[in-house]
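Visitor: Contents of upload.cif (mmCIF, C-alpha atoms) are given next:
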data_model
#
loop_
_atom_site.label_atom_id
_atom_site.label_comp_id
_atom_site.auth_asym_id
_atom_site.auth_seq_id
_atom_site.Cartn_x
_atom_site.Cartn_y
_atom_site.Cartn_z
CA MET L 29 60.04 12.49 18.19
CA PRO L 30 58.54 12.42 21.68
CA ASP L 31 55.62 14.69 22.38
CA GLU L 32 56.50 17.66 24.63
CA LEU L 33 53.81 19.18 26.83
CA GLU L 34 54.30 22.64 28.34
CA LYS L 35 53.02 23.04 31.87
CA PRO L 36 51.91 26.50 33.09
CA SER L 37 55.18 26.75 35.04
CA GLY L 38 57.14 26.30 31.85
CA GLN L 39 58.57 22.90 32.82
CA SER L 40 58.36 20.37 29.94
CA LEU L 41 57.08 16.80 30.15
CA VAL L 42 58.33 14.16 27.71
CA ARG L 43 56.27 11.08 26.84
CA LYS L 44 57.78 7.70 26.06
CA LEU L 45 56.98 3.97 26.09
CA ALA L 46 58.55 2.07 28.99
CA THR L 47 58.22 -1.15 30.99
CA ILE L 48 57.61 -0.37 34.66
CA LEU L 49 58.37 -2.77 37.51
CA SER L 50 56.64 -2.01 40.81
CA ALA L 51 57.56 -3.89 44.01
CA ASP L 52 56.28 -3.69 47.57
CA VAL L 53 56.90 -5.73 50.74
CA ALA L 54 53.99 -7.90 51.87
CA GLU L 55 52.87 -7.40 55.51
CA PHE L 56 55.53 -4.73 56.06
CA SER L 57 53.52 -3.03 58.82
CA ARG L 58 53.22 -6.28 60.79
CA LEU L 59 56.91 -7.04 60.42
CA MET L 60 57.85 -3.54 61.61
CA GLY L 61 55.43 -3.74 64.52
CA GLU L 62 56.94 -7.01 65.74
CA ASP L 63 60.64 -6.14 65.33
CA GLU L 64 61.64 -2.86 63.67
CA GLU L 65 65.42 -3.26 63.80
CA GLN L 66 65.50 -6.82 62.45
CA THR L 67 62.96 -5.98 59.72
CA LEU L 68 64.97 -2.96 58.53
CA LYS L 69 68.18 -4.99 58.54
CA THR L 70 66.59 -7.73 56.42
CA PHE L 71 64.92 -5.20 54.11
CA ARG L 72 68.18 -3.33 53.45
CA GLY L 73 69.94 -6.59 52.56
CA HIS L 74 67.09 -7.53 50.21
CA LYS L 75 67.13 -4.06 48.66
CA GLN L 76 70.83 -4.31 47.82
CA VAL L 77 70.19 -7.56 45.95
CA PHE L 78 67.18 -5.93 44.26
CA GLU L 79 69.18 -2.91 43.08
CA SER L 80 72.11 -4.97 41.79
CA LEU L 81 69.82 -7.21 39.73
CA VAL L 82 67.95 -4.21 38.26
CA SER L 83 71.28 -2.69 37.20
CA GLY L 84 72.47 -6.05 35.81
CA HIS L 85 69.37 -6.21 33.58
CA ARG L 86 69.94 -2.67 32.24
CA GLY L 87 67.17 -1.07 34.25
CA ARG L 88 67.12 1.89 36.62
CA ILE L 89 65.32 2.57 39.89
CA PHE L 90 63.55 5.93 39.54
CA ASN L 91 61.57 6.12 42.77
CA THR L 92 61.45 4.60 46.25
CA ALA L 93 59.12 5.27 49.15
CA GLY L 94 59.40 3.27 52.35
CA ASP L 95 59.20 -0.38 51.31
CA ALA L 96 58.11 0.38 47.70
CA ILE L 97 60.50 0.33 44.73
CA LEU L 98 59.80 1.50 41.14
CA ALA L 99 62.14 0.57 38.28
CA GLU L 100 62.16 1.35 34.54
CA PHE L 101 63.30 -0.94 31.72
CA GLY L 102 63.63 -0.39 28.00
CA SER L 103 62.70 -4.04 27.33
CA ALA L 104 59.75 -6.07 28.63
CA VAL L 105 61.83 -9.25 28.34
CA GLU L 106 64.60 -7.81 30.54
CA ALA L 107 62.07 -6.55 33.09
CA VAL L 108 60.50 -10.00 33.49
CA ARG L 109 63.90 -11.72 33.61
CA CYS L 110 64.94 -9.30 36.32
CA ALA L 111 61.73 -9.94 38.32
CA THR L 112 62.13 -13.73 38.27
CA ASP L 113 65.81 -13.45 39.26
CA ILE L 114 64.86 -11.12 42.12
CA GLN L 115 62.25 -13.49 43.51
CA ALA L 116 64.60 -16.49 43.22
CA ALA L 117 67.45 -14.66 44.98
CA LEU L 118 65.23 -13.28 47.75
CA ARG L 119 63.62 -16.70 48.25
CA THR L 120 67.06 -18.14 49.00
CA ARG L 121 67.70 -15.38 51.54
CA ASN L 122 64.26 -15.80 53.11
CA ASP L 123 64.74 -19.56 53.49
CA GLN L 124 67.33 -18.78 56.17
CA LEU L 125 64.69 -16.90 58.24
CA PRO L 126 61.68 -18.14 60.24
CA PRO L 127 58.48 -18.10 58.12
CA ASN L 128 56.92 -15.26 60.12
CA ARG L 129 60.02 -13.06 59.72
CA GLN L 130 60.53 -13.42 55.96
CA VAL L 131 60.51 -10.20 53.92
CA ARG L 132 58.79 -11.07 50.64
CA PHE L 133 58.12 -8.71 47.73
CA ARG L 134 55.06 -8.59 45.50
CA ILE L 135 55.97 -7.51 41.96
CA GLY L 136 53.81 -6.05 39.17
CA ILE L 137 55.03 -5.26 35.64
CA ASN L 138 53.31 -3.13 32.97
CA LEU L 139 54.25 -1.84 29.52
CA GLY L 140 52.69 1.53 28.83
CA ASP L 141 53.03 5.18 27.95
CA VAL L 142 54.60 7.30 30.70
CA MET L 143 55.65 10.92 31.22
CA LEU L 144 59.21 11.81 32.20
CA HIS L 145 59.36 14.52 34.88
CA GLY L 146 63.00 15.08 35.70
CA GLN L 147 64.23 11.65 36.78
CA ASP L 148 60.75 10.54 37.84
CA LEU L 149 58.08 8.81 35.72
CA LEU L 150 54.35 9.55 35.92
CA GLY L 151 51.12 8.40 34.28
CA ASP L 152 48.82 5.41 33.91
CA GLY L 153 51.72 3.22 32.81
CA VAL L 154 53.19 3.55 36.30
CA ASN L 155 49.83 3.37 38.10
CA VAL L 156 48.84 0.11 36.41
CA ALA L 157 52.14 -1.53 37.42
CA ALA L 158 51.54 -0.48 41.02
CA ARG L 159 48.01 -1.95 40.95
CA LEU L 160 49.23 -5.21 39.39
CA GLN L 161 51.68 -5.56 42.26
CA THR L 162 48.76 -5.65 44.72
CA ALA L 163 47.24 -8.61 42.81
CA ALA L 164 50.42 -10.71 43.17
CA GLU L 165 51.03 -13.18 45.97
CA PRO L 166 53.95 -12.57 48.38
CA GLY L 167 56.99 -13.77 46.45
CA GLY L 168 55.00 -13.76 43.18
CA ILE L 169 54.79 -11.73 39.96
CA CYS L 170 51.77 -10.38 38.03
CA ILE L 171 52.09 -8.85 34.56
CA SER L 172 49.73 -7.00 32.27
CA GLY L 173 48.48 -8.29 28.93
CA SER L 174 50.76 -5.82 27.12
CA VAL L 175 53.82 -7.39 28.78
CA HIS L 176 52.53 -10.92 28.16
CA ASP L 177 52.16 -10.16 24.44
CA GLN L 178 55.78 -9.02 24.26
CA ILE L 179 57.42 -11.94 26.10
CA SER L 180 55.36 -14.86 24.72
CA ASN L 181 57.65 -17.50 23.16
CA LYS L 182 60.73 -15.51 24.26
CA LEU L 183 61.11 -16.83 27.83
CA SER L 184 60.72 -20.28 29.38
CA LEU L 185 57.87 -19.35 31.70
CA SER L 186 54.46 -20.72 32.66
CA PHE L 187 51.50 -18.38 33.14
CA GLN L 188 48.05 -18.39 34.69
CA CYS L 189 45.47 -16.07 33.17
CA LEU L 190 43.57 -14.14 35.86
CA GLY L 191 41.21 -12.52 33.35
CA GLU L 192 40.39 -8.82 33.07
CA MET L 193 40.76 -7.31 36.52
CA SER L 194 39.36 -3.98 37.68
CA PHE L 195 41.67 -1.88 39.88
CA LYS L 196 41.03 1.19 41.97
CA ASN L 197 41.23 4.46 39.99
CA ILE L 198 42.11 2.59 36.75
CA GLN L 199 39.42 3.37 34.17
CA VAL L 200 39.78 0.28 31.95
CA PRO L 201 40.00 -3.36 33.20
CA VAL L 202 43.50 -4.79 32.84
CA ARG L 203 44.26 -8.17 31.26
CA THR L 204 46.27 -9.84 34.04
CA PHE L 205 48.58 -12.86 34.13
CA SER L 206 50.46 -14.50 36.98
CA ILE L 207 53.85 -16.18 36.41
CA THR L 208 53.61 -19.67 37.93
CA HIS L 209 56.95 -21.22 36.93
CA ALA L 210 60.33 -20.07 35.63
CA GLN L 211 62.64 -22.68 34.13
CA GLY L 212 65.73 -23.11 36.27
CA LEU L 213 64.23 -21.09 39.14
CA GLY L 214 61.23 -23.20 40.13
CA ASP L 215 57.60 -22.40 40.94
CA LEU L 216 56.30 -18.99 41.98
CA PRO L 217 53.31 -18.27 44.25
CA SER L 218 50.20 -17.50 42.21
CA PRO L 219 46.72 -16.28 43.22
CA LYS L 220 43.60 -18.30 42.54
CA PRO L 221 41.58 -17.26 39.46
CA ARG L 222 39.21 -14.42 40.25
CA GLY L 223 35.81 -15.58 41.49
CA SER L 224 36.89 -19.18 42.07
CA GLY L 225 35.67 -19.04 45.65
CA SER L 226 32.27 -17.39 45.10
CA ARG L 227 31.10 -18.73 41.75
CA PRO L 228 29.74 -22.10 42.97
CA ALA L 229 27.44 -20.33 45.46
CA LYS L 230 25.71 -18.50 42.60
CA TRP L 231 24.80 -21.81 40.99
CA ILE L 232 23.28 -23.38 44.11
CA PRO L 233 19.69 -22.12 43.47
CA ALA L 234 19.88 -23.18 39.81
CA GLY L 235 21.22 -26.59 40.85
CA LEU L 236 18.42 -27.12 43.35
CA ALA L 237 15.82 -26.16 40.74
CA LEU L 238 17.36 -28.63 38.27
CA LEU L 239 17.26 -31.41 40.88
CA ALA L 240 13.59 -30.66 41.57
CA VAL L 241 12.78 -30.88 37.84
CA LEU L 242 14.66 -34.17 37.49
CA ALA L 243 12.95 -35.64 40.55
CA GLY L 244 9.52 -34.63 39.22
CA GLY L 245 10.30 -36.13 35.84
CA ALA L 246 11.43 -39.39 37.41
CA TYR L 247 8.23 -39.63 39.50
CA TRP L 248 6.04 -38.96 36.46
CA ALA L 249 7.88 -41.63 34.44
CA TYR L 250 7.46 -44.14 37.27
CA THR L 251 3.70 -43.55 37.64
CA ALA L 252 3.20 -43.69 33.86
CA SER L 253 5.04 -47.02 33.76
CA GLN L 254 2.86 -48.44 36.55
CA ARG L 255 -0.36 -47.37 34.76
CA SER L 256 0.87 -48.91 31.52
CA LYS L 257 1.58 -52.24 33.24
CA ALA L 258 -1.88 -52.28 34.85
CA GLU L 259 -3.63 -51.55 31.53
CA THR L 260 -1.62 -54.24 29.76
CA ALA L 261 -2.49 -56.81 32.44
CA GLN L 262 -6.22 -56.04 32.07
CA ALA L 263 -6.02 -56.33 28.28
CA ILE L 264 -4.41 -59.79 28.27
CA ALA L 265 -6.31 -61.30 31.23
CA PRO L 266 -8.40 -64.43 30.23
CA ALA L 267 -12.16 -64.02 30.05
CA GLY L 268 -13.90 -64.72 33.36
CA GLN L 269 -10.65 -64.44 35.38
CA PRO L 270 -10.66 -61.53 37.84
CA VAL L 271 -7.84 -59.06 37.51
CA GLN L 272 -6.06 -57.89 40.63
CA THR L 273 -6.00 -54.13 40.78
CA PRO L 274 -3.03 -52.30 42.25
CA LEU L 275 -3.22 -51.67 45.97
CA SER L 276 -4.01 -48.18 47.17
CA SER L 277 -1.12 -46.06 48.37
CA GLU L 278 -2.93 -45.50 51.67
CA PRO L 279 -1.71 -47.73 54.52
CA GLY L 280 -4.05 -50.62 55.43
CA SER L 281 -6.42 -50.11 52.47
CA LYS L 282 -7.57 -53.10 50.36
CA PRO L 283 -9.44 -53.04 47.07
CA ALA L 284 -12.99 -54.37 47.18
CA ASP L 285 -13.76 -57.78 45.58
CA ALA L 286 -10.08 -58.37 44.86
CA THR L 287 -9.50 -62.08 44.28
CA PRO L 288 -5.91 -63.30 43.97
CA PRO L 289 -5.20 -65.09 40.69
CA PRO L 290 -4.74 -68.86 40.84
CA VAL L 291 -1.19 -70.07 41.12
CA PRO L 292 -0.37 -72.28 38.14
CA VAL L 293 0.90 -75.74 38.95
CA ARG L 294 3.90 -76.76 36.93
CA GLU L 295 4.61 -80.33 36.11
CA PRO L 296 8.12 -81.46 36.96
CA VAL L 297 10.21 -81.80 33.85
CA THR L 298 12.39 -84.82 33.62
CA LYS L 299 15.42 -84.34 31.43
CA PRO L 300 16.48 -87.34 29.37
CA ALA L 301 19.64 -89.00 30.48
CA GLN L 302 22.62 -87.63 28.65
CA THR L 303 24.65 -90.21 26.84
CA PRO L 304 28.36 -89.76 27.41
CA PRO L 305 30.51 -89.29 24.32
CA ALA L 306 32.68 -92.06 23.11
CA GLY L 307 35.71 -92.59 25.30
CA LYS L 308 34.24 -90.79 28.38
CA SER L 309 32.46 -92.27 31.37
CA ARG L 310 29.40 -90.73 33.06
CA ALA L 311 31.54 -89.99 36.15
CA GLU L 312 33.94 -87.88 34.04
CA MET L 313 31.01 -85.81 32.73
CA THR L 314 29.89 -84.88 36.27
CA GLN L 315 33.30 -83.63 37.43
CA THR L 316 33.58 -80.00 38.63
CA PRO L 317 34.84 -77.40 36.17
CA PRO L 318 38.60 -77.00 35.85
CA PRO L 319 40.26 -74.40 38.07
CA SER L 320 40.58 -71.94 35.19
CA VAL L 321 36.79 -71.80 34.76
CA SER L 322 36.24 -71.31 38.50
CA ALA L 323 38.82 -68.52 38.60
CA ALA L 324 37.15 -66.79 35.66
CA LYS L 325 33.77 -66.82 37.46
CA THR L 326 35.36 -65.51 40.63
CA ALA L 327 37.10 -62.68 38.76
CA ALA L 328 33.80 -61.76 37.11
CA SER L 329 32.24 -60.65 40.40
CA PRO L 330 32.15 -56.83 40.84
CA ARG L 331 34.10 -56.88 44.09
CA ASN L 332 36.92 -59.01 42.66
CA ALA L 333 36.98 -56.92 39.46
CA ALA L 334 37.41 -53.72 41.49
CA ALA L 335 40.20 -55.30 43.53
CA ALA L 336 41.92 -56.49 40.37
CA ALA L 337 41.69 -53.00 38.85
CA ALA L 338 43.13 -51.40 41.99
CA SER L 339 45.95 -53.94 42.06
CA SER L 340 46.70 -53.25 38.38
CA THR L 341 46.80 -49.48 39.01
CA ALA L 342 49.09 -49.87 42.02
CA SER L 343 51.45 -52.19 40.15
CA ALA L 344 51.61 -49.80 37.20
CA GLY L 345 52.83 -46.95 39.47
CA GLN L 346 50.71 -43.81 39.45
CA PHE L 347 53.78 -41.55 39.50
CA ASP L 348 55.99 -43.54 37.06
CA GLY L 349 57.96 -41.46 34.59
CA VAL L 350 61.12 -39.49 33.89
CA TYR L 351 61.33 -36.15 35.71
CA SER L 352 63.84 -33.38 34.99
CA GLY L 353 64.58 -29.82 36.01
CA PRO L 354 66.86 -27.69 38.18
CA ILE L 355 68.61 -28.46 41.45
CA CYS L 356 69.61 -25.25 43.26
CA TYR L 357 72.06 -24.74 46.10
CA GLY L 358 71.43 -21.66 48.22
CA GLN L 359 73.95 -18.98 49.05
CA PHE L 360 76.14 -20.18 51.92
CA ARG L 361 78.97 -18.23 53.52
CA GLU L 362 81.25 -17.25 50.62
CA GLN L 363 79.55 -19.53 48.10
CA PRO L 364 76.92 -17.95 45.79
CA GLN L 365 73.65 -19.54 44.75
CA ARG L 366 74.12 -22.16 42.01
CA CYS L 367 71.68 -24.19 39.90
CA TYR L 368 72.14 -27.03 37.40
CA GLN L 369 69.92 -29.37 35.40
CA ALA L 370 69.43 -33.07 36.28
CA LYS L 371 66.88 -35.83 35.93
CA GLY L 372 65.64 -39.02 37.58
CA THR L 373 63.21 -41.87 37.04
CA VAL L 374 60.26 -42.84 39.25
CA SER L 375 59.31 -46.52 39.06
CA GLY L 376 56.76 -47.84 41.53
CA SER L 377 57.82 -46.78 45.01
CA LYS L 378 61.41 -45.83 44.06
CA ILE L 379 63.17 -42.87 42.44
CA SER L 380 66.70 -43.09 41.07
CA GLY L 381 69.14 -41.22 38.87
CA GLN L 382 72.79 -40.59 38.12
CA TRP L 383 74.54 -37.72 36.35
CA PRO L 384 78.02 -36.12 36.01
CA MET L 385 78.73 -32.71 37.53
CA GLY L 386 81.24 -29.90 37.31
CA PRO L 387 82.89 -28.30 34.27
CA GLU L 388 85.15 -31.34 33.75
CA LYS L 389 82.47 -33.89 34.71
CA LYS L 390 84.76 -35.44 37.34
CA VAL L 391 82.10 -35.48 40.04
CA THR L 392 79.22 -37.99 39.95
CA ALA L 393 75.85 -37.54 41.64
CA LEU L 394 73.92 -40.70 42.59
CA MET L 395 70.27 -40.27 43.58
CA THR L 396 68.06 -42.79 45.41
CA GLY L 397 64.77 -42.37 47.23
CA ASP L 398 61.34 -43.65 48.19
CA VAL L 399 57.90 -42.60 46.88
CA ALA L 400 54.79 -43.17 49.01
CA ASN L 401 51.29 -43.81 47.63
CA SER L 402 50.26 -40.42 49.06
CA GLY L 403 52.84 -38.65 46.86
CA ASP L 404 55.30 -37.92 49.67
CA ILE L 405 58.89 -38.40 48.57
CA LYS L 406 62.27 -38.77 50.30
CA ILE L 407 65.42 -38.28 48.23
CA GLN L 408 69.13 -38.72 48.97
CA ILE L 409 71.79 -37.43 46.55
CA VAL L 410 75.38 -38.54 47.13
CA GLN L 411 78.08 -36.59 45.26
CA SER L 412 81.63 -37.98 45.01
CA ASP L 413 84.71 -37.58 42.82
CA VAL L 414 86.28 -40.23 40.64
CA ASN L 415 88.72 -41.36 43.34
CA LYS L 416 86.01 -41.43 46.03
CA SER L 417 88.22 -39.13 48.11
CA TRP L 418 85.49 -36.47 48.44
CA ARG L 419 81.84 -37.06 49.30
CA ALA L 420 78.80 -34.87 50.04
CA THR L 421 75.27 -36.01 50.89
CA ILE L 422 72.02 -34.05 50.34
CA ASN L 423 68.80 -35.19 52.01
CA LEU L 424 65.54 -33.78 50.60
CA THR L 425 61.84 -34.29 51.34
CA GLY L 426 58.85 -33.16 49.30
CA THR L 427 55.89 -34.27 47.21
CA ILE L 428 54.82 -35.35 43.72
CA ARG L 429 51.68 -33.50 42.61
CA GLY L 430 50.29 -33.11 39.10
CA GLY L 431 53.47 -34.18 37.34
CA LEU L 432 55.70 -31.95 39.50
CA ILE L 433 58.33 -32.93 42.07
CA ASN L 434 59.05 -30.20 44.62
CA ALA L 435 61.53 -31.06 47.36
CA SER L 436 63.88 -29.18 49.67
CA GLY L 437 66.60 -30.04 52.14
CA SER L 438 70.21 -29.29 52.96
CA PHE L 439 73.79 -30.51 52.97
CA LEU L 440 75.23 -31.79 56.21
CA ASN L 441 76.96 -28.43 56.62
CA GLY L 442 73.64 -26.57 56.49
CA ARG L 443 73.61 -25.26 52.90
CA ALA L 444 70.04 -25.18 51.55
CA ALA L 445 69.06 -27.23 48.48
CA THR L 446 65.88 -27.25 46.40
CA LEU L 447 64.65 -29.51 43.58
CA ASN L 448 61.85 -28.53 41.15
CA TRP L 449 61.28 -31.10 38.39
CA HIS L 450 58.62 -31.61 35.71
CA LYS L 451 57.51 -34.96 34.32
CA ASN L 452 58.75 -35.69 30.80
CA GLN L 453 55.59 -35.88 28.65
CA ASN L 454 57.31 -38.20 26.12
CA TYR L 455 57.90 -40.89 28.75
CA GLY L 456 54.69 -42.79 28.03
CA ALA L 457 55.34 -42.90 24.26
CA SER L 458 58.76 -44.49 24.69
CA HIS L 459 57.83 -47.08 27.34
#
Would you mind writing the file out in structure tokens?
Guide:
Amino acid sequence: MPDELEKPSGQSLVRKLATILSADVAEFSRLMGEDEEQTLKTFRGHKQVFESLVSGHRGRIFNTAGDAILAEFGSAVEAVRCATDIQAALRTRNDQLPPNRQVRFRIGINLGDVMLHGQDLLGDGVNVAARLQTAAEPGGICISGSVHDQISNKLSLSFQCLGEMSFKNIQVPVRTFSITHAQGLGDLPSPKPRGSGSRPAKWIPAGLALLAVLAGGAYWAYTASQRSKAETAQAIAPAGQPVQTPLSSEPGSKPADATPPPVPVREPVTKPAQTPPAGKSRAEMTQTPPPSVSAAKTAASPRNAAAAAASSTASAGQFDGVYSGPICYGQFREQPQRCYQAKGTVSGSKISGQWPMGPEKKVTALMTGDVANSGDIKIQIVQSDVNKSWRATINLTGTIRGGLINASGSFLNGRAATLNWHKNQNYGASH
């Protein structure tokens, strides 16, 4: 039974556990200041998509204020699913706008105890969600540790732990996570880990002190070695032979009575003539080494070894592997957004792939492209039916970074297309 609290006015408050989603538009004041009418038009269109997705995931919007939206869900899994769908849908809409006119939401999600006051919800459970939203990047999602514990191993998501974060007017630090990738929807903006920009500066004094200690130790070891060599030379010097003492470190100084040791005269050594083995003449024995020996000596030099290693790395292909993931077509005219799974292979400077499409698999997609050493990539996907009577071409450009291919482009008719693929980790074991 929920706990009921009587206020002095006689109005009751009911407590319950709920998942709260808090959303707010990033840089809303700037957008309104530059163009109020266009900003409101875009915001209203985004809000309609937002509300329909909340309803589709069995949630309800219980409060709005300006550009802020608060929604309640009975399930943490449904709340996170709804948030990722919202960001994917709004990203498609924003892609049709100039970068400085895009209306992007920050989203925070928290699971906590709240108080029901009429149709409104109050309490720390709501406040924490609102604070988490401020920690998210525009177009990104931050969740609390309580939500993360509920959705682990239930959704195909990637997370970045931001540690325990302290928020204004929240008494206890909040375990915070950022969602970095949603399968089928691509990557999401994520903030850098807290303190990543200032932590190295704190270690500068300690690093300088360590360098000073190491330098002092190296100087002491050097001087000790020099003294040891001088003492050893004095100990083994022949009787009556003067020993040369080390020169003073002062410029132009010379030790008194220092006599240079005599230079020994070595007798030339004459090697006996080498008798050639049976069946070989002396001329054959003096021939230059075979080419294989010369090549081995040349390859042994450090410069040639480094060049050979670089050539081996380049020939192996630093990006080689099988990559797979979603290809998404943006909403265009009467056509809704659509995503499907595909894959391709990177080998050297080329990427290629082929897969069937459509419910009856009567359409074939053929992918070709080029991969630069810098990681830049150009992709062309040609889709055609069995009879070659229909054909559509998609041109995409992007990059390969850290085992991820992110590329975007469009059809010839202007419909947006995005590709977000991950490298198959089992590729190396099977090749």
Visitor: Neighbours of segment 184-186 of chain L within 8 Å (only C-alpha atoms; same-chain residues fewer than 6 positions away dropped), as a PyMOL selection string?
Guide: chain L and resi 207-211
Visitor: May I have the residues at most 9 Å from (81.2, -31.8, 42.1) in the file's coordinates, counting all atoms listed in the file, as a PDB file with C-alpha atoms, in the frame of the given file?
Guide:
ATOM      1  CA  PRO L 384      78.020 -36.120  36.010  1.00  0.00           C
ATOM      2  CA  MET L 385      78.730 -32.710  37.530  1.00  0.00           C
ATOM      3  CA  GLY L 386      81.240 -29.900  37.310  1.00  0.00           C
ATOM      4  CA  PRO L 387      82.890 -28.300  34.270  1.00  0.00           C
ATOM      5  CA  LYS L 389      82.470 -33.890  34.710  1.00  0.00           C
ATOM      6  CA  LYS L 390      84.760 -35.440  37.340  1.00  0.00           C
ATOM      7  CA  VAL L 391      82.100 -35.480  40.040  1.00  0.00           C
ATOM      8  CA  THR L 392      79.220 -37.990  39.950  1.00  0.00           C
ATOM      9  CA  ALA L 393      75.850 -37.540  41.640  1.00  0.00           C
ATOM     10  CA  GLN L 411      78.080 -36.590  45.260  1.00  0.00           C
ATOM     11  CA  SER L 412      81.630 -37.980  45.010  1.00  0.00           C
ATOM     12  CA  ASP L 413      84.710 -37.580  42.820  1.00  0.00           C
ATOM     13  CA  TRP L 418      85.490 -36.470  48.440  1.00  0.00           C
ATOM     14  CA  ARG L 419      81.840 -37.060  49.300  1.00  0.00           C
ATOM     15  CA  ALA L 420      78.800 -34.870  50.040  1.00  0.00           C
TER      16      ALA L 420
END
Visitor: I'd like the contact shell of Ile135 of chain L - 6 Å cut-off, all atoms listed in the file, skipping same-chain residues fewer than 4 positions apart - returned as a PDB file with C-alpha atoms, in the coordinates of the input.
Guide:
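After the write, result-v9.pdb holds the following:
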ATOM      1  CA  SER L  50      56.640  -2.010  40.810  1.00  0.00           C
ATOM      2  CA  ALA L  51      57.560  -3.890  44.010  1.00  0.00           C
ATOM      3  CA  GLN L 161      51.680  -5.560  42.260  1.00  0.00           C
ATOM      4  CA  ILE L 169      54.790 -11.730  39.960  1.00  0.00           C
TER       5      ILE L 169
END
Visitor: Which residue is closest to Ser180 of chain L? Choose from L:His450, L:Leu41, L:Val105, L:Arg255 and count all atoms listed in the file.
Guide: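 Ranked by minimum distance to Ser180 of chain L, first place goes to L:Val105.
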Visitor: Pull out every residue that the PyMOL selection byres ((chain L and resi 131) around 10) matches in the shown coordinates and put them as a PyMOL selection string.
Guide: chain L and resi 53-56+59+67-68+70-71+74+118-119+121-122+125+127-130+132-133+166-167
Visitor: Emit the selected residues as a short mmCIF file (atom, residue, chain, number, x, y, z; two decimals), in the coordinates of the input, including C-alpha atoms.
Guide:
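Output below, filename part35.cif:
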data_model
loop_
_atom_site.label_atom_id
_atom_site.label_comp_id
_atom_site.auth_asym_id
_atom_site.auth_seq_id
_atom_site.Cartn_x
_atom_site.Cartn_y
_atom_site.Cartn_z
CA VAL L 53 56.90 -5.73 50.74
CA ALA L 54 53.99 -7.90 51.87
CA GLU L 55 52.87 -7.40 55.51
CA PHE L 56 55.53 -4.73 56.06
CA LEU L 59 56.91 -7.04 60.42
CA THR L 67 62.96 -5.98 59.72
CA LEU L 68 64.97 -2.96 58.53
CA THR L 70 66.59 -7.73 56.42
CA PHE L 71 64.92 -5.20 54.11
CA HIS L 74 67.09 -7.53 50.21
CA LEU L 118 65.23 -13.28 47.75
CA ARG L 119 63.62 -16.70 48.25
CA ARG L 121 67.70 -15.38 51.54
CA ASN L 122 64.26 -15.80 53.11
CA LEU L 125 64.69 -16.90 58.24
CA PRO L 127 58.48 -18.10 58.12
CA ASN L 128 56.92 -15.26 60.12
CA ARG L 129 60.02 -13.06 59.72
CA GLN L 130 60.53 -13.42 55.96
CA ARG L 132 58.79 -11.07 50.64
CA PHE L 133 58.12 -8.71 47.73
CA PRO L 166 53.95 -12.57 48.38
CA GLY L 167 56.99 -13.77 46.45
#
Visitor: Segment 44-52 of chain L, all listed atoms, 8 Å padding on each side: what axis-aligned box centre and edge lengths in Å to one decimal come out, as AutoDock Vina command-line options?
Guide:
--center_x 57.4 --center_y 1.9 --center_z 36.8 --size_x 18.3 --size_y 27.6 --size_z 37.5
Visitor: Rounded to one decimal in Å, what is the spacing between atom CA of Gln76 of chain L and atom CA of Leu216 of chain L?
Guide: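 Between these atoms lies a distance of 21.5 Å.
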Visitor: Quick check, in Å to one decimal: how far apart do atom CA of Asn452 of chain L and atom CA of Tyr357 of chain L lie?
Guide: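 One can read the atom CA of Asn452 of chain L to atom CA of Tyr357 of chain L distance as 23.0 Å.
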Visitor: Using only C-alpha atoms, pick whichever of L:Ala164, L:Leu242, L:Gly212, L:Thr47 has the shortest atom-to-atom distance to Tyr368 of chain L.
Guide: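 Of all the options, L:Gly212 lies closest to Tyr368 of chain L.
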Visitor: Work out how far apart atom CA of Phe195 of chain L and atom CA of Gly151 of chain L are and give it in Å to one decimal.
Guide: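 If I compute the distance from atom CA of Phe195 of chain L to atom CA of Gly151 of chain L, I get 15.0 Å.
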Visitor: Since I can't run it myself right now, could you work out what the PyMOL selection byres ((chain L and resi 380) around 9) selects here and report it as a list in words?
Guide: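 The output of the PyMOL selection byres ((chain L and resi 380) around 9) on this file is Lys371, Gly372, Thr373, Val374, Ser375, Lys378, Ile379, Gly381, Gln382, Leu394, Met395, Thr396, Gly397, Asp398 and Ile407 of chain L.
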Visitor: Return as an NGL selection string the set of residues that the PyMOL selection byres ((chain L and resi 91) around 12) yields on the displayed structure.
Guide: :L and (48-51 or 79 or 88-90 or 92-100 or 145-150 or 154)
Visitor: When distances are computed from only C-alpha atoms, which of L:Glu106, L:Asp404, L:Glu62, L:Asp52 shows the smallest separation from Val175 of chain L?
Guide: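 Residue with the minimum atom-to-atom distance to Val175 of chain L: L:Glu106.
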Visitor: Tell me which of L:Gly244, L:Gly173, L:Gly430, L:Gly168 sits closest to Val156 of chain L, counting only C-alpha atoms.
Guide: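 For Val156 of chain L, the nearest of the given residues is L:Gly173.
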Visitor: Could you check the closest approach to Ser172 of chain L for each of L:Ala444, L:Leu144, L:Ile137, L:Val399 and tell me which residue wins, using only C-alpha atoms?
Guide: L:Ile137
Visitor: How close does segment 58-145 of chain L get to segment 434-438 of chain L? List, as CSV, each residue of segment 58-145 of chain L within 12 Å, its nearest atom pair and the distance in Å to one decimal, counting only C-alpha atoms.
Guide:
residue,atom,partner,partner_atom,distance
L:Thr120,CA,L:Ser436,CA,11.5
L:Asp123,CA,L:Ser436,CA,10.4
L:Gln124,CA,L:Ser438,CA,11.4
